[in-house]
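> I am attaching a structure below and will ask some questions about it afterwards.
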Amino acid sequence: MSDSKHSSNFPPKGAMPHGPMRGPNGGRGPNMRVVEKPKNFRNSLFRLIKYMKPYRIMTLFMIICILLETFFHTLSPKLLGDVTTTIFNGIQENTGIDFTRIFYILFSLSLTYLLNIAFSYLQQVFMSRISQKMMQSLRREIDLKLAKLPLKYFDSQTYGEVLSRVTNDVDTISNSLQQTLSQIVSSLGTFIMIVVMMLMISPTLTLVAALTLPFSFFLSAAVVKKSQKYFRGQQKSTGRMSGHIEEMYSGHTVIKLFSREKAAKAEFDKLNEELYENNFKATFASSVMMPITGLIGNIGYVAICVIGGLLAASRALEVGGIQAFIQYLRQFNMPLSQIANIANVLQSTVAAAERIFELCDEEEEPVLSEYKKIPEKIYGDVEFKNVCFGYTGKKQLIKNLNLKINRGEKIAIVGPTGAGKTTLVNLLMRFYDLDSGHIMIDSIPCDLFSREDLRKVFGMVLQDTWLFNGTIRANLAYGNPTATDEEIDKAAKRAHIHSFIKALPNGYDFLLNEDATNISQGQKQLLTIARAFLKNPKILILDEATSSVDTRTEVLIQKAMADLTEGRTSFIIAHRLSTIRDADKILVMNDGAIIEQGNHESLMKQNGFYAELYNSQFTENNAV
């Protein structure tokens, strides 16, 4: 049973974010992948738009609603101008005001307002549905990707960095998508409709207004180009901050133990300042856009007022036409300002999308086109043949390892830190792929089986316990979801944890909180051992499984482990050599190689490395 630590309450199905037995970095620290080459804004934007393809019919209806909303919105100034013209002409020509015409115009105006509101509501409904469906697809793709990534990816990433891409970046896209997608269509539609209405009123005034466009465009483009790197920095800073906060809160006990509060605060202040700087620059670049386009728009507005007045004085233009044109002129700059603002929002959106696409483009674990079906009956013969492996791909930790283990044997693996003990088990379960050589189970190469099928053969109990936020029953049945209540009770009794569970409120339905901090470390260890009993694996892996229990409980657990390992091939990584004296074979590892092997008595007679390790521990225990 995998006992990996995970930062979320419940793991995604099939995902193992930081494998149960960590590599060189253990998934911690600041080893965040920094992308050096410039980002491709256009490709990332088009790639994001492709997620709309399944919803193209809904998108079409949304665009139709937006265009109809825009049509009725831009029609209202013309109707208001007709009212003004009707009143002005009636007074000017002494013919009286045509109230009937005014009534029909106002009735049409009211109808356009109502239709504008109705289509605005419909387009918001369609937009919300499209954006949420897109995000649902994107989250599903990320979840599936995480399940396919090799452990070496997570060895070079912090928890916070991965979570930031899955949560912060997806939320950024979701929030901005609802704003930008409809606004782009609306702004472009509004701009075209306004230009048409302005041309109908006065081509001369339209030409004057159009002269301001190049200035707005070039200034906006310059700001957008300058601001893109700040939005990218904003997303990266958010990821670093999330990673730091996750580490500080999960390790707050250790921080207090070593009195490192000031150092943690200093690091937080540094990251906070970096985030502030990037946020400020990104916000400043965004806020500068509106004043620039507003200033240019006001200059054009002054010119229109002067020229429009001259045209009205010469009766070349109706008074109501001037009124309508001025309203259109105000609206003329609005879509341009919105487009400029959307350009800034898109910087943040695409920056977030690029980070997600980086994750989606990571190299996955190799998959064969056809896997061999794992035999129903596994006997447990294991063989390492010329196995070579290195975490970095350059420096090899294990070189030309050859080892044959017979079914049912209890194999203990000992050696100093960094000798390759955990690596050996990682390779056995295909958490990492070999550089060369083969690992065989019952004379069949492991890489012919799918990883999922292969890992069903194994049970695992680790020193680093992992339990999720849920009931004790759900935690015990995590590796065997079809287990009955009777089987769960039996497994708990064999692990000597049944009495403790029954004494808890609600018994097996007692709810463990996040990281199971509402029970002791020893009790957590016993639960993971019971979980291994329940899975009833063919091959068992124990990594210092009794290190967190007291001496009295350890004696009981050792007896239970003897029962569990009976008739099963078992690999036991041990630091306390006194616990593996009855192993069938002891492998002594150093620098990735097996330097000695045999049972306890034969190794002690050799008076070699193992004897030296054992005697040093015996001497230390006697000294204590």
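Here, A, B, ... name the chains of the structure tokens in the order displayed, residue numbers run from 1 inside each chain, and ligands are numbered from 1 in the same displayed order.
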Could you write out, as a PyMOL selection string, all the residues of range 253-487 of chain A that DSSP marks as alpha helix (DSSP H)?
chain A and resi 253-257+261-313+319-360+421-428+451-455+472-476+485-487
> With a distance cut-off of 12 Å and only C-alpha atoms, select the neighbouring residues of range 499-502 of chain A, excluding the residue or stretch itself and same-chain residues fewer than 5 positions from it, and output the selection as a ChimeraX atom specification.
/A:471-473,476,488-490,492-494,507-512,519-520,522-524,526-527,530
> Just how far from CA of Tyr121 in chain A is CA of Leu48 in chain A, in Å to one decimal?
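If I compute the distance from CA of Leu48 in chain A to CA of Tyr121 in chain A, I get 25.1 Å.
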> Mind checking which residues fall within 12 Å of Thr422 in chain A, counting only C-alpha atoms, ignoring those fewer than 6 positions away in the same chain, and posting them as a ChimeraX atom specification?
/A:19-24,397-398,412-416,428-429,431-432,462-463,541-544,571-575,589,592
> Output N, CA and C atoms of each residue in that selection to a file, as a PDB file, in the first residue's frame.

```
ATOM      1  N   GLY A  19       5.879  10.173  -5.208  1.00  0.00           N
ATOM      2  CA  GLY A  19       5.836   8.762  -4.950  1.00  0.00           C
ATOM      3  C   GLY A  19       6.119   8.355  -3.540  1.00  0.00           C
ATOM      4  N   PRO A  20       5.700   7.184  -3.176  1.00  0.00           N
ATOM      5  CA  PRO A  20       5.824   6.745  -1.819  1.00  0.00           C
ATOM      6  C   PRO A  20       7.249   6.692  -1.325  1.00  0.00           C
ATOM      7  N   MET A  21       8.195   6.553  -2.242  1.00  0.00           N
ATOM      8  CA  MET A  21       9.585   6.514  -1.824  1.00  0.00           C
ATOM      9  C   MET A  21      10.333   7.521  -2.673  1.00  0.00           C
ATOM     10  N   ARG A  22      10.747   8.617  -2.072  1.00  0.00           N
ATOM     11  CA  ARG A  22      11.207   9.791  -2.821  1.00  0.00           C
ATOM     12  C   ARG A  22      12.597   9.612  -3.400  1.00  0.00           C
ATOM     13  N   GLY A  23      12.829  10.407  -4.440  1.00  0.00           N
ATOM     14  CA  GLY A  23      14.135  10.428  -5.068  1.00  0.00           C
ATOM     15  C   GLY A  23      15.052  11.417  -4.387  1.00  0.00           C
ATOM     16  N   PRO A  24      16.023  12.011  -5.119  1.00  0.00           N
ATOM     17  CA  PRO A  24      17.054  12.828  -4.527  1.00  0.00           C
ATOM     18  C   PRO A  24      16.543  14.039  -3.791  1.00  0.00           C
ATOM     19  N   LEU A 397      23.697   5.497  -9.980  1.00  0.00           N
ATOM     20  CA  LEU A 397      23.738   5.100  -8.577  1.00  0.00           C
ATOM     21  C   LEU A 397      23.891   3.586  -8.454  1.00  0.00           C
ATOM     22  N   ILE A 398      23.206   2.843  -9.345  1.00  0.00           N
ATOM     23  CA  ILE A 398      23.291   1.383  -9.342  1.00  0.00           C
ATOM     24  C   ILE A 398      23.916   0.928 -10.654  1.00  0.00           C
ATOM     25  N   ALA A 412      16.203  -8.763   3.697  1.00  0.00           N
ATOM     26  CA  ALA A 412      16.480  -7.502   4.396  1.00  0.00           C
ATOM     27  C   ALA A 412      17.533  -6.729   3.615  1.00  0.00           C
ATOM     28  N   ILE A 413      17.352  -5.417   3.518  1.00  0.00           N
ATOM     29  CA  ILE A 413      18.296  -4.556   2.796  1.00  0.00           C
ATOM     30  C   ILE A 413      18.853  -3.553   3.785  1.00  0.00           C
ATOM     31  N   VAL A 414      20.148  -3.567   3.993  1.00  0.00           N
ATOM     32  CA  VAL A 414      20.778  -2.679   4.971  1.00  0.00           C
ATOM     33  C   VAL A 414      21.928  -1.943   4.304  1.00  0.00           C
ATOM     34  N   GLY A 415      22.366  -0.893   4.958  1.00  0.00           N
ATOM     35  CA  GLY A 415      23.486  -0.117   4.447  1.00  0.00           C
ATOM     36  C   GLY A 415      23.388   1.320   4.899  1.00  0.00           C
ATOM     37  N   PRO A 416      24.441   2.102   4.710  1.00  0.00           N
ATOM     38  CA  PRO A 416      24.425   3.505   5.135  1.00  0.00           C
ATOM     39  C   PRO A 416      23.482   4.346   4.282  1.00  0.00           C
ATOM     40  N   LEU A 428      11.943  -1.664  -8.320  1.00  0.00           N
ATOM     41  CA  LEU A 428      11.132  -2.870  -8.305  1.00  0.00           C
ATOM     42  C   LEU A 428       9.667  -2.553  -8.612  1.00  0.00           C
ATOM     43  N   MET A 429       9.184  -1.422  -8.106  1.00  0.00           N
ATOM     44  CA  MET A 429       7.783  -1.038  -8.314  1.00  0.00           C
ATOM     45  C   MET A 429       7.605  -0.123  -9.522  1.00  0.00           C
ATOM     46  N   PHE A 431       8.663   2.879 -10.064  1.00  0.00           N
ATOM     47  CA  PHE A 431       8.495   4.314  -9.851  1.00  0.00           C
ATOM     48  C   PHE A 431       9.450   5.085 -10.754  1.00  0.00           C
ATOM     49  N   TYR A 432      10.551   4.437 -11.119  1.00  0.00           N
ATOM     50  CA  TYR A 432      11.507   4.980 -12.078  1.00  0.00           C
ATOM     51  C   TYR A 432      11.834   3.876 -13.073  1.00  0.00           C
ATOM     52  N   LEU A 462       5.458   2.167   4.934  1.00  0.00           N
ATOM     53  CA  LEU A 462       6.593   3.089   4.980  1.00  0.00           C
ATOM     54  C   LEU A 462       6.729   3.734   6.354  1.00  0.00           C
ATOM     55  N   GLN A 463       7.929   4.220   6.596  1.00  0.00           N
ATOM     56  CA  GLN A 463       8.177   4.980   7.818  1.00  0.00           C
ATOM     57  C   GLN A 463       7.421   6.306   7.776  1.00  0.00           C
ATOM     58  N   ILE A 541       6.709  -4.935   0.877  1.00  0.00           N
ATOM     59  CA  ILE A 541       7.844  -4.026   1.073  1.00  0.00           C
ATOM     60  C   ILE A 541       7.639  -3.294   2.393  1.00  0.00           C
ATOM     61  N   LEU A 542       8.626  -3.379   3.276  1.00  0.00           N
ATOM     62  CA  LEU A 542       8.570  -2.719   4.577  1.00  0.00           C
ATOM     63  C   LEU A 542       9.777  -1.804   4.694  1.00  0.00           C
ATOM     64  N   ASP A 543       9.511  -0.528   4.881  1.00  0.00           N
ATOM     65  CA  ASP A 543      10.598   0.438   5.021  1.00  0.00           C
ATOM     66  C   ASP A 543      10.596   0.970   6.455  1.00  0.00           C
ATOM     67  N   GLU A 544      11.333   0.302   7.325  1.00  0.00           N
ATOM     68  CA  GLU A 544      11.406   0.691   8.734  1.00  0.00           C
ATOM     69  C   GLU A 544      10.002   0.896   9.283  1.00  0.00           C
ATOM     70  N   PHE A 571      10.557  -7.645   1.130  1.00  0.00           N
ATOM     71  CA  PHE A 571      11.745  -6.795   1.141  1.00  0.00           C
ATOM     72  C   PHE A 571      11.635  -5.874   2.347  1.00  0.00           C
ATOM     73  N   ILE A 572      12.636  -5.935   3.214  1.00  0.00           N
ATOM     74  CA  ILE A 572      12.592  -5.152   4.447  1.00  0.00           C
ATOM     75  C   ILE A 572      13.800  -4.230   4.472  1.00  0.00           C
ATOM     76  N   ILE A 573      13.553  -2.918   4.376  1.00  0.00           N
ATOM     77  CA  ILE A 573      14.621  -1.936   4.528  1.00  0.00           C
ATOM     78  C   ILE A 573      14.744  -1.649   6.020  1.00  0.00           C
ATOM     79  N   ALA A 574      15.897  -1.906   6.577  1.00  0.00           N
ATOM     80  CA  ALA A 574      16.051  -1.805   8.027  1.00  0.00           C
ATOM     81  C   ALA A 574      17.259  -0.951   8.380  1.00  0.00           C
ATOM     82  N   HIS A 575      17.087  -0.177   9.450  1.00  0.00           N
ATOM     83  CA  HIS A 575      18.198   0.580  10.024  1.00  0.00           C
ATOM     84  C   HIS A 575      18.625  -0.049  11.348  1.00  0.00           C
ATOM     85  N   MET A 589      24.261  -3.099   1.199  1.00  0.00           N
ATOM     86  CA  MET A 589      24.492  -2.213   0.057  1.00  0.00           C
ATOM     87  C   MET A 589      25.379  -1.039   0.449  1.00  0.00           C
ATOM     88  N   GLY A 592      25.403   1.893  -4.136  1.00  0.00           N
ATOM     89  CA  GLY A 592      24.600   1.323  -5.203  1.00  0.00           C
ATOM     90  C   GLY A 592      24.939  -0.105  -5.567  1.00  0.00           C
TER      91      GLY A 592
END
```
> Using only C-alpha atoms, which of A:Asn43, A:Met134, A:Val125, A:Leu213 sits nearest Arg56 in chain A?
A:Met134
> Which distance in Å separates CA of Val185 in chain A and CA of Met198 in chain A, to one decimal?
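The value is 19.8 Å.
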> Nearest residue to Phe384 in chain A out of A:Ser187, A:Asn406, A:Gln606, A:Ser250, using only C-alpha atoms?
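Looking at the shortest contact to Phe384 in chain A, the residue is A:Asn406.
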> With the cut-off set at 10 Å and counting only C-alpha atoms, tabulate each residue of range 273-370 of chain A with an atom at most that distance from an atom of range 238-246 of chain A, showing the nearest atom pair and its distance in Å to one decimal, ordered by chain and increasing number, as a Markdown table.

```
| residue | atom | partner | partner_atom | distance |
| --- | --- | --- | --- | --- |
| A:Glu274 | CA | A:Met241 | CA | 9.3 |
| A:Leu275 | CA | A:Thr238 | CA | 6.6 |
| A:Tyr276 | CA | A:Thr238 | CA | 9.9 |
| A:Asn278 | CA | A:Thr238 | CA | 9.6 |
| A:Asn279 | CA | A:Thr238 | CA | 9.6 |
```
> So that I can see what lies close to Ser436 in chain A, please list as a PyMOL selection string the residues with an atom at most 9 Å from it, counting only C-alpha atoms and leaving out residues fewer than 2 positions away in the same chain.
chain A and resi 386-389+400+433-434+438
> Let me make sure I understand: among A:Ile595, A:Leu310, A:Ile255, A:Leu109, which one has the smallest atom-to-atom distance to Gly608 in chain A if we use only C-alpha atoms?
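Smallest distance to Gly608 in chain A is found for A:Ile595.
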> How far is it from CA of Val306 in chain A to CA of Ile326 in chain A, in Å with one decimal?
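Between CA of Val306 in chain A and CA of Ile326 in chain A the gap is 11.3 Å.
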> Fewer than 4 positions away in the same chain doesn't count, so skip those; otherwise give me all residues within 12 Å of Tyr104 in chain A, counting only C-alpha atoms, as a list in words.
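Here the answer would be Leu79, Leu80, Asp82, Val83, Thr86, Asp98, Phe99, Thr100, Ser108, Leu109, Ser110 and Leu111 of chain A.
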> Using only C-alpha atoms, what table do you get, as a Markdown table, when you list each residue of range 550-618 of chain A with an atom no more than 12 Å from range 439-457 of chain A, its nearest pair of atoms, and their distance in Å rounded to one decimal, rows by chain then rising number?

```
| residue | atom | partner | partner_atom | distance |
| --- | --- | --- | --- | --- |
| A:Arg568 | CA | A:Val457 | CA | 11.0 |
| A:Thr569 | CA | A:Ile441 | CA | 10.8 |
| A:Ser570 | CA | A:Val457 | CA | 11.8 |
```
> Generate the output file for the selected residues, N, CA and C atoms, as a short mmCIF file (atom, residue, chain, number, x, y, z; two decimals), in the first residue's frame.

```
data_model
loop_
_atom_site.label_atom_id
_atom_site.label_comp_id
_atom_site.auth_asym_id
_atom_site.auth_seq_id
_atom_site.Cartn_x
_atom_site.Cartn_y
_atom_site.Cartn_z
N ARG A 568 5.31 -15.19 1.65
CA ARG A 568 5.35 -14.09 0.68
C ARG A 568 6.79 -13.61 0.51
N THR A 569 7.13 -13.21 -0.69
CA THR A 569 8.42 -12.57 -0.90
C THR A 569 8.38 -11.20 -0.24
N SER A 570 9.33 -10.93 0.65
CA SER A 570 9.29 -9.69 1.43
C SER A 570 10.63 -8.97 1.34
#
```
> I need the residues in range 469-512 of chain A that are strand (DSSP E) according to DSSP; give them as a CSV table (one decimal) with C-alpha atoms, in the first residue's frame.

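result_14.csv, freshly written:
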```
chain,number,residue,atom,x,y,z
A,470,GLY,CA,-11.6,10.7,5.9
A,471,THR,CA,-12.9,7.9,8.1
A,511,LEU,CA,-13.0,11.1,10.9
A,512,LEU,CA,-9.3,11.7,10.6
```
> Would you list the contacts of Pro77 in chain A as an MDAnalysis selection string, taking every protein, DNA or RNA residue within 7 Å and counting only C-alpha atoms, but skipping same-chain residues closer than 3 positions in sequence?
chainID A and resid 74 80:81 324 327
> Can I get the selected residues back with all heavy atoms, as a compact mmCIF listing (two decimals), in the first residue's frame?

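File result22.txt, as written:
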```txt
# COMPACT_ATOMS: atom_id res chain seq x y z
N THR A 74 -26.64 49.98 -29.82
CA THR A 74 -26.18 51.08 -30.67
C THR A 74 -27.32 51.79 -31.40
O THR A 74 -27.13 52.89 -31.94
CB THR A 74 -25.17 50.56 -31.72
OG1 THR A 74 -25.75 49.48 -32.43
CG2 THR A 74 -23.89 50.09 -31.05
N LEU A 80 -32.91 58.46 -30.05
CA LEU A 80 -32.94 59.66 -29.21
C LEU A 80 -32.67 60.91 -30.05
O LEU A 80 -33.27 61.97 -29.83
CB LEU A 80 -31.91 59.56 -28.09
CG LEU A 80 -32.24 58.57 -26.96
CD1 LEU A 80 -31.05 58.41 -26.03
CD2 LEU A 80 -33.46 59.08 -26.17
N GLY A 81 -31.76 60.78 -31.02
CA GLY A 81 -31.48 61.90 -31.92
C GLY A 81 -32.70 62.25 -32.76
O GLY A 81 -32.97 63.44 -33.02
N ALA A 324 -26.77 62.58 -31.68
CA ALA A 324 -26.53 61.14 -31.81
C ALA A 324 -25.07 60.84 -32.09
O ALA A 324 -24.49 59.90 -31.53
CB ALA A 324 -27.41 60.57 -32.92
N GLN A 327 -22.96 61.08 -28.99
CA GLN A 327 -23.14 59.88 -28.17
C GLN A 327 -22.37 58.69 -28.75
O GLN A 327 -21.75 57.92 -28.02
CB GLN A 327 -24.63 59.53 -28.08
CG GLN A 327 -25.42 60.45 -27.14
CD GLN A 327 -26.86 59.98 -27.00
OE1 GLN A 327 -27.68 60.21 -27.87
NE2 GLN A 327 -27.15 59.30 -25.90
```
> With a cut-off of 12 Å, could you pull out the residues of range 340-409 of chain A touching range 162-166 of chain A and give me the nearest pair of atoms for each, distance in Å to one decimal, using only C-alpha atoms, ordered by chain and ascending number, as a Markdown table?

```
| residue | atom | partner | partner_atom | distance |
| --- | --- | --- | --- | --- |
| A:Ala351 | CA | A:Arg165 | CA | 10.9 |
| A:Ala352 | CA | A:Arg165 | CA | 7.7 |
| A:Ala353 | CA | A:Arg165 | CA | 8.9 |
| A:Glu354 | CA | A:Arg165 | CA | 9.8 |
| A:Arg355 | CA | A:Arg165 | CA | 6.6 |
| A:Ile356 | CA | A:Arg165 | CA | 5.8 |
| A:Phe357 | CA | A:Arg165 | CA | 9.5 |
| A:Glu358 | CA | A:Arg165 | CA | 9.6 |
| A:Leu359 | CA | A:Arg165 | CA | 8.0 |
| A:Cys360 | CA | A:Arg165 | CA | 10.5 |
```
> Might you pull out every residue within 7 Å of Glu69 in chain A, with only C-alpha atoms counted and same-chain residues fewer than 5 positions away left off, and present them as a ChimeraX atom specification?
/A:116,119-120
> Would you save the residues of that selection, restricted to N, CA and C atoms, as a PDB file, in the first residue's frame?

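Listing of out.pdb after writing:
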```
ATOM      1  N   ASN A 116     -32.277  44.558 -25.548  1.00  0.00           N
ATOM      2  CA  ASN A 116     -30.866  44.645 -25.184  1.00  0.00           C
ATOM      3  C   ASN A 116     -30.587  43.878 -23.886  1.00  0.00           C
ATOM      4  N   PHE A 119     -31.050  39.890 -24.464  1.00  0.00           N
ATOM      5  CA  PHE A 119     -29.930  39.245 -25.147  1.00  0.00           C
ATOM      6  C   PHE A 119     -28.640  39.318 -24.322  1.00  0.00           C
ATOM      7  N   SER A 120     -28.510  40.378 -23.519  1.00  0.00           N
ATOM      8  CA  SER A 120     -27.362  40.472 -22.615  1.00  0.00           C
ATOM      9  C   SER A 120     -27.393  39.335 -21.595  1.00  0.00           C
TER      10      SER A 120
END
```
